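Asker: Let me begin by handing over the structure; questions about it come next.
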Amino acid sequence: MNQDVLSFSLPPDTEVEQVIADLGKLFRIDEQPEERRRFKYYDTFDWRLYKRKQIMVFARPNLYLQSLDGQQQLAASCAVMPRFVWDLEEESMRQHLEPILEMRALLPLMDVASTACKFDLRNEDLKTVVRLEIQSRKLQNGTLEKEWPIEATLHGLRGYESELQKAAKKLKKRGKESASDIPAMLQTMGHEPLGYNSKPNLGLRPDMRADEAGKQIFAHMMEVIHQNMDGMRQDLDSEFLHDFRVAVRRTRSGLSQIKNIMDPSVLARAKADFSQLGKITNLTRDLDVYLLKHDEYRNLLPEDMQPDVEQFFQHLRKVRKRERTVLLKHLNSQELAEIFNWWEAFLAEPVPENPEPVNATLPVIQLAGKSIMKRYKNICRDGALLHQQAEDQLFHDLRIDCKKLRYQMEFFLSLYPKDRISNLISRLKKLQNGLGDFNDFYVQQETLKEYVHHIRVRSNSARDHVLAIGVLIGMLREKQHNLKAVCIKGLNTFLSEETRQLFTDLFKVEKGEKA
Amino acid sequence: MTTFAIYSIKGGVGKTAACVNLSYLAAASGYNVLVCDLDPQSSTTFYFRVKPKVKSGVKSLIKGKKHAYKSIKGTDFQGLDLLPADFSFRNLDLAYDQADKPTRKLKDVLKPFKKDYDIIFLDCPPNLTLLSENILHAADWVVNPIVPTTLSQRTHEQLLQFLESEGMTGEKILPFFSMVERRKSLHKEVILDMVQNHDNMLTNTIPYLSDIERMGIHREPVIHTKPHSISARAYRALWEELKAIAGM
């Protein structure tokens, strides 16, 4: 039943009456009522839909998941545009989008107001043989506005293919064949699709000076921080803060682990400042994380106990409201602006001719190799102590070791052949995920224990609430315990002879070796 | 895919009007609908403003497949397509007689349309021939307009006898009263009589209305021209009853 659709982009000075008159030589033209529609386009900050060549379109009372070339993939009736996937009422669309959007907000990209003049083109029997739509669109994004070129679309009817071609021939004389160009529209509206990359994959050159490479790495982290500031201020979703924190953590890791490339006083100041940046976001991040665990925690409890855990989340929401004000004050503070200013000024300065720090002029490939091998050896050393009955602390130590290695490998990714280093990172990831989850469960238990100690148990509902938290802690303890075996398995794979060899082959720097 | 044949042995009973309006309603309900005009008089084709020409003539209804597909035209209405009638269809009986399964040929030809269409309406010529037999075998339901006169009663008996002789039950026949004039006592009597003697008469009837007669002037379904008229409401009620019986 899907018939041919041909679209043409008409030059701005086209007179629509002329186009109609032209077609009027071949057909009887029957004008239909004009149709005005509004389309609002949405995607997440990190372009999750665009990455899959899709986009969200809201045209009340319907919501569409569309491919970038305009084909409809999914449709749902929807009165109010949902910000998060869990606010989407229509089940099949929600289930489809849950794993894609996760906790990210759908943010407005542009508003398109379309006016369509519609015409039925009829033959001598007054049978409609082709339908014509002449659409003018106005694009808007905030204060940015643009008229989009007029588009003439011919919709063919089954069995009337030659008529469609005749009409197309007339339009070809006036404009060129085009298709709905959403990427071009987004760019016109000031967007840079896929332009957000939180990972530090920069084009470092192996022979670059280590201190120069360091500055480049830190500069990219600052860019990521800036990109997330607005989203944090407006509290659009939890991930802006998360990405900000990761960029701060990477910076702190770089400052500690990429040794002797910077003036010690600069280093000390940067370490202190970034430690501060981390601290101001700690509480909000914790609150976000636990609030996102709402459904998970409920599902861990027996059904009759599930309502008893709600008090915890009510408490979290209350604290979050207060903490928002505090965080906002910090984000808009003079101190923060000063930190950014001095650090960015430092990063923009060219590297000194004769720097004092020992590794400053070392080719970065050498420093990278040494640094990475050291981290790997630490894991080998600490990992050797691990077994099923080992203390929890050893698992935590190992987790820190893995993190350090991971950050190093990601900093210097561009210096190595992509597939070889990606292979090693994915082996590390497998180990890290187990250790991360293990630590996560531990932290959650501690947090809940701490929370419970502050509850005054004076009513039955308070007692029931404490009971529910107690059961929850127990469930988490069990999950943590079950992860030990997983971690050890992951570790054994990571410390295998094969992995050791791959690390050595890729990263080991022989004495006196040049990049 | 459900196939409705709009069939009557007699002509002039409101068969074509029913076909055009019921198929329009089916498409408006959201189904993908194909109307096959099997009547060489091509009235349904005329109502939809399509030329009564099929490139491959009777081949489209013998060989089917791409011959038929190529001839299908989109009507002016969303979800409603038409396989037009051609004057050559007057020879369809002869053509089917030559086929290896003379009474099942049409059923085979319609099978591939399953993937494109939810419902097929067959507009049938008013007679009792080999083509009619094909239609009675091919259709899931035979919607049978009856003008409530004495002669129509006789004709209805003839149809039921014919079905019996062919080993078919009357269960798929859905007779409804068409062109009913409430003021005529004959109509009232015949209706009463037939309802008493046959338990499958449809409840809803189509009155005689000049609106429906004038469809030929507007050349479009009366429901489209006058969506709130009595005729529109009558066809809507009939369609709802058919849908319920067909389990749609």
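Residue names in the structure tokens use chain letters A, B, ... in the order shown, residue numbers from 1 in each chain, and ligand numbers from 1 in the order shown.
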Quick one: contact table of chain A to chain B, 9 Å max, nearest atom pair and distance in Å to one decimal per residue, counting only C-alpha atoms, chain and number order, as CSV?
Answerer:
```
residue,atom,partner,partner_atom,distance
A:Met1,CA,B:Asp116,CA,6.9
A:Asp125,CA,B:Arg49,CA,6.0
A:Leu126,CA,B:Arg49,CA,7.0
A:Lys127,CA,B:Arg49,CA,5.3
A:Thr128,CA,B:Asp76,CA,5.7
A:Val129,CA,B:Asp76,CA,8.0
A:Leu157,CA,B:Gly74,CA,5.3
A:Arg158,CA,B:Gly74,CA,4.6
A:Gly159,CA,B:Lys73,CA,4.3
A:Tyr160,CA,B:Lys73,CA,7.0
```
Asker: Tell me, which residues of segment 137-275 of chain A carry DSSP alpha helix (DSSP H), written as an NGL selection string?
Answerer: :A and (161-172 or 182-188 or 210-233 or 238-257 or 264-275)
Asker: Determine, counting only C-alpha atoms, which protein, DNA and RNA residues have an atom within 8 Å of an atom of segment 237-248 of chain B; residues of the same chain fewer than 5 positions away are not included. Present the result as a list of chain:residue names.
Answerer: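 Answer for this query is B:Leu22, B:Leu25, B:Ala26, B:Trp141, B:Leu202, B:Thr203, B:Asn204, B:Thr205, B:Ile206.
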Asker: Could you dump the residues just selected with N, CA and C atoms as a PDB file, in the first residue's frame?
Answerer:
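See part-v5.pdb below for the written result:
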```pdb
ATOM      1  N   LEU B  22     -19.916   0.008   1.593  1.00  0.00           N
ATOM      2  CA  LEU B  22     -19.351  -0.872   2.626  1.00  0.00           C
ATOM      3  C   LEU B  22     -17.828  -0.918   2.525  1.00  0.00           C
ATOM      4  N   LEU B  25     -16.425   2.202   4.037  1.00  0.00           N
ATOM      5  CA  LEU B  25     -16.454   2.145   5.498  1.00  0.00           C
ATOM      6  C   LEU B  25     -15.358   1.238   6.041  1.00  0.00           C
ATOM      7  N   ALA B  26     -15.139   0.122   5.356  1.00  0.00           N
ATOM      8  CA  ALA B  26     -14.095  -0.808   5.810  1.00  0.00           C
ATOM      9  C   ALA B  26     -12.736  -0.115   5.797  1.00  0.00           C
ATOM     10  N   TRP B 141     -17.973 -14.657   3.079  1.00  0.00           N
ATOM     11  CA  TRP B 141     -19.350 -14.232   3.359  1.00  0.00           C
ATOM     12  C   TRP B 141     -19.979 -13.707   2.076  1.00  0.00           C
ATOM     13  N   LEU B 202     -30.306 -10.214   8.124  1.00  0.00           N
ATOM     14  CA  LEU B 202     -29.626  -9.200   8.932  1.00  0.00           C
ATOM     15  C   LEU B 202     -30.643  -8.211   9.498  1.00  0.00           C
ATOM     16  N   THR B 203     -30.313  -7.679  10.654  1.00  0.00           N
ATOM     17  CA  THR B 203     -31.214  -6.770  11.353  1.00  0.00           C
ATOM     18  C   THR B 203     -31.313  -5.421  10.644  1.00  0.00           C
ATOM     19  N   ASN B 204     -30.160  -4.926  10.178  1.00  0.00           N
ATOM     20  CA  ASN B 204     -30.163  -3.597   9.578  1.00  0.00           C
ATOM     21  C   ASN B 204     -30.565  -3.625   8.111  1.00  0.00           C
ATOM     22  N   THR B 205     -31.304  -2.621   7.717  1.00  0.00           N
ATOM     23  CA  THR B 205     -31.774  -2.565   6.341  1.00  0.00           C
ATOM     24  C   THR B 205     -31.318  -1.262   5.691  1.00  0.00           C
ATOM     25  N   ILE B 206     -31.325  -1.250   4.363  1.00  0.00           N
ATOM     26  CA  ILE B 206     -30.984  -0.022   3.639  1.00  0.00           C
ATOM     27  C   ILE B 206     -32.268   0.509   2.998  1.00  0.00           C
TER      28      ILE B 206
END
```
Asker: Name the residues in contact with segment 431-446 of chain A at a cut-off of 10 Å, using only C-alpha atoms, excluding same-chain residues fewer than 5 positions from it; report them as a PyMOL selection string.
Answerer: chain A and resi 286+290+392-393+395-403+406+425-426+451-452+469-470+472-494
Asker: For the atom pair atom CA of Lys173 of chain A and atom CA of Thr115 of chain A, what is the interatomic distance in Å to one decimal place?
Answerer: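 Going from atom CA of Lys173 of chain A over to atom CA of Thr115 of chain A, I get 23.2 Å.
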Asker: What's the separation between atom CA of Tyr24 of chain B and atom CA of Pro84 of chain B, in Å to one decimal place?
Answerer: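 Going from atom CA of Tyr24 of chain B over to atom CA of Pro84 of chain B covers 15.5 Å.
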Asker: Write out as a JSON list (two decimals) with C-alpha atoms, in the first residue's frame the residues lying within 10 Å of Asn282 of chain A, counting only C-alpha atoms and excluding same-chain residues fewer than 5 positions away.
Answerer:
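Wrote part.json, looks like this:
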```
[["chain", "number", "residue", "atom", "x", "y", "z"],
["A", 241, "LEU", "CA", 26.85, 15.81, 36.85],
["A", 242, "HIS", "CA", 28.15, 12.29, 36.34],
["A", 245, "ARG", "CA", 32.65, 14.17, 37.90],
["A", 277, "LEU", "CA", 35.59, 20.28, 42.44],
["A", 287, "LEU", "CA", 21.51, 11.16, 45.94],
["A", 327, "LEU", "CA", 25.51, 22.96, 44.47]]
```
Asker: For Pro207 of chain B, which residue out of B:Gln98, B:Thr44, B:Ser152, B:Ser229 is the nearest one, using only C-alpha atoms?
Answerer: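 Result for the nearest residue to Pro207 of chain B: B:Ser229.
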Asker: Which residues come within 7 Å of Gly231 of chain A, counting only C-alpha atoms, excluding same-chain residues fewer than 4 positions away, as a VMD selection string?
Answerer: chain A and resid 235 to 236 240
Asker: Could you list, as a ChimeraX atom specification, every residue within 8 Å of Ile225 of chain A, counting only C-alpha atoms and ignoring same-chain residues fewer than 3 positions away?
Answerer: /A:221-222,228-229,243-244,247-248
Asker: Write out the residues from the selection above, keeping all heavy atoms, as a PDB file, in the first residue's frame.
Answerer:
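Resulting contents of result-v3.pdb:
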```pdb
ATOM      1  N   MET A 221      39.606  17.441  28.924  1.00  0.00           N
ATOM      2  CA  MET A 221      38.777  17.235  30.119  1.00  0.00           C
ATOM      3  C   MET A 221      38.040  18.516  30.488  1.00  0.00           C
ATOM      4  O   MET A 221      36.870  18.497  30.871  1.00  0.00           O
ATOM      5  CB  MET A 221      39.629  16.771  31.304  1.00  0.00           C
ATOM      6  CG  MET A 221      40.212  15.380  31.160  1.00  0.00           C
ATOM      7  SD  MET A 221      38.936  14.118  30.966  1.00  0.00           S
ATOM      8  CE  MET A 221      39.125  13.754  29.229  1.00  0.00           C
ATOM      9  N   MET A 222      38.720  19.656  30.357  1.00  0.00           N
ATOM     10  CA  MET A 222      38.077  20.936  30.656  1.00  0.00           C
ATOM     11  C   MET A 222      36.925  21.201  29.700  1.00  0.00           C
ATOM     12  O   MET A 222      35.885  21.742  30.075  1.00  0.00           O
ATOM     13  CB  MET A 222      39.084  22.091  30.565  1.00  0.00           C
ATOM     14  CG  MET A 222      39.870  22.332  31.832  1.00  0.00           C
ATOM     15  SD  MET A 222      38.865  22.308  33.343  1.00  0.00           S
ATOM     16  CE  MET A 222      37.787  23.706  33.085  1.00  0.00           C
ATOM     17  N   ASN A 228      29.172  20.251  30.076  1.00  0.00           N
ATOM     18  CA  ASN A 228      28.159  19.735  30.997  1.00  0.00           C
ATOM     19  C   ASN A 228      27.640  20.762  32.008  1.00  0.00           C
ATOM     20  O   ASN A 228      26.681  20.499  32.726  1.00  0.00           O
ATOM     21  CB  ASN A 228      28.712  18.515  31.745  1.00  0.00           C
ATOM     22  CG  ASN A 228      28.703  17.275  30.869  1.00  0.00           C
ATOM     23  OD1 ASN A 228      27.658  16.725  30.569  1.00  0.00           O
ATOM     24  ND2 ASN A 228      29.878  16.864  30.435  1.00  0.00           N
ATOM     25  N   MET A 229      28.276  21.937  32.038  1.00  0.00           N
ATOM     26  CA  MET A 229      27.909  22.935  33.058  1.00  0.00           C
ATOM     27  C   MET A 229      26.437  23.360  32.980  1.00  0.00           C
ATOM     28  O   MET A 229      25.722  23.350  33.974  1.00  0.00           O
ATOM     29  CB  MET A 229      28.791  24.189  32.948  1.00  0.00           C
ATOM     30  CG  MET A 229      30.216  23.996  33.390  1.00  0.00           C
ATOM     31  SD  MET A 229      30.393  23.551  35.137  1.00  0.00           S
ATOM     32  CE  MET A 229      30.043  25.119  35.928  1.00  0.00           C
ATOM     33  N   ASP A 243      29.065  13.012  34.205  1.00  0.00           N
ATOM     34  CA  ASP A 243      30.143  13.237  33.238  1.00  0.00           C
ATOM     35  C   ASP A 243      31.116  14.309  33.734  1.00  0.00           C
ATOM     36  O   ASP A 243      32.319  14.223  33.482  1.00  0.00           O
ATOM     37  CB  ASP A 243      29.570  13.634  31.869  1.00  0.00           C
ATOM     38  CG  ASP A 243      29.007  12.421  31.121  1.00  0.00           C
ATOM     39  OD1 ASP A 243      29.088  11.298  31.657  1.00  0.00           O
ATOM     40  OD2 ASP A 243      28.493  12.604  30.004  1.00  0.00           O
ATOM     41  N   PHE A 244      30.596  15.312  34.413  1.00  0.00           N
ATOM     42  CA  PHE A 244      31.441  16.346  35.028  1.00  0.00           C
ATOM     43  C   PHE A 244      32.389  15.685  36.022  1.00  0.00           C
ATOM     44  O   PHE A 244      33.608  15.909  35.985  1.00  0.00           O
ATOM     45  CB  PHE A 244      30.540  17.371  35.727  1.00  0.00           C
ATOM     46  CG  PHE A 244      31.264  18.385  36.565  1.00  0.00           C
ATOM     47  CD1 PHE A 244      31.679  19.593  36.016  1.00  0.00           C
ATOM     48  CD2 PHE A 244      31.512  18.152  37.924  1.00  0.00           C
ATOM     49  CE1 PHE A 244      32.332  20.545  36.809  1.00  0.00           C
ATOM     50  CE2 PHE A 244      32.164  19.094  38.708  1.00  0.00           C
ATOM     51  CZ  PHE A 244      32.579  20.298  38.146  1.00  0.00           C
ATOM     52  N   ALA A 247      35.098  13.605  34.381  1.00  0.00           N
ATOM     53  CA  ALA A 247      36.147  14.466  33.822  1.00  0.00           C
ATOM     54  C   ALA A 247      37.067  14.987  34.929  1.00  0.00           C
ATOM     55  O   ALA A 247      38.292  15.063  34.754  1.00  0.00           O
ATOM     56  CB  ALA A 247      35.526  15.629  33.054  1.00  0.00           C
ATOM     57  N   VAL A 248      36.492  15.319  36.082  1.00  0.00           N
ATOM     58  CA  VAL A 248      37.285  15.774  37.229  1.00  0.00           C
ATOM     59  C   VAL A 248      38.167  14.626  37.728  1.00  0.00           C
ATOM     60  O   VAL A 248      39.358  14.813  37.986  1.00  0.00           O
ATOM     61  CB  VAL A 248      36.359  16.289  38.366  1.00  0.00           C
ATOM     62  CG1 VAL A 248      37.125  16.458  39.664  1.00  0.00           C
ATOM     63  CG2 VAL A 248      35.713  17.603  37.954  1.00  0.00           C
TER      64      VAL A 248
END
```
Asker: With DSSP run on the backbone, what are the strand (DSSP E) residues within segment 138-206 of chain B? I'd like them as a list in words.
Answerer: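 Taking segment 138-206 of chain B and keeping strand (DSSP E) only, one gets Trp141, Val142, Val143, Asn144, Pro145, Ile146, Ile173, Leu174, Pro175, Phe176, Phe177, Ser178, Met179, Val180 and Ile206 of chain B.
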Asker: Which residue out of B:Ala85, B:Leu159, B:Met168, B:Leu151 has the minimum interatomic distance to Leu186 of chain B when only C-alpha atoms are used?
Answerer: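 Of the candidates, the smallest distance to Leu186 of chain B is held by B:Leu151.
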Asker: Which residue out of A:Lys329, A:Asn423, A:Tyr42, A:Asp295 has the minimum interatomic distance to Val309 of chain A when only C-alpha atoms are used?
Answerer: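 Ranking A:Lys329, A:Asn423, A:Tyr42, A:Asp295 by distance to Val309 of chain A, first place goes to A:Asp295.
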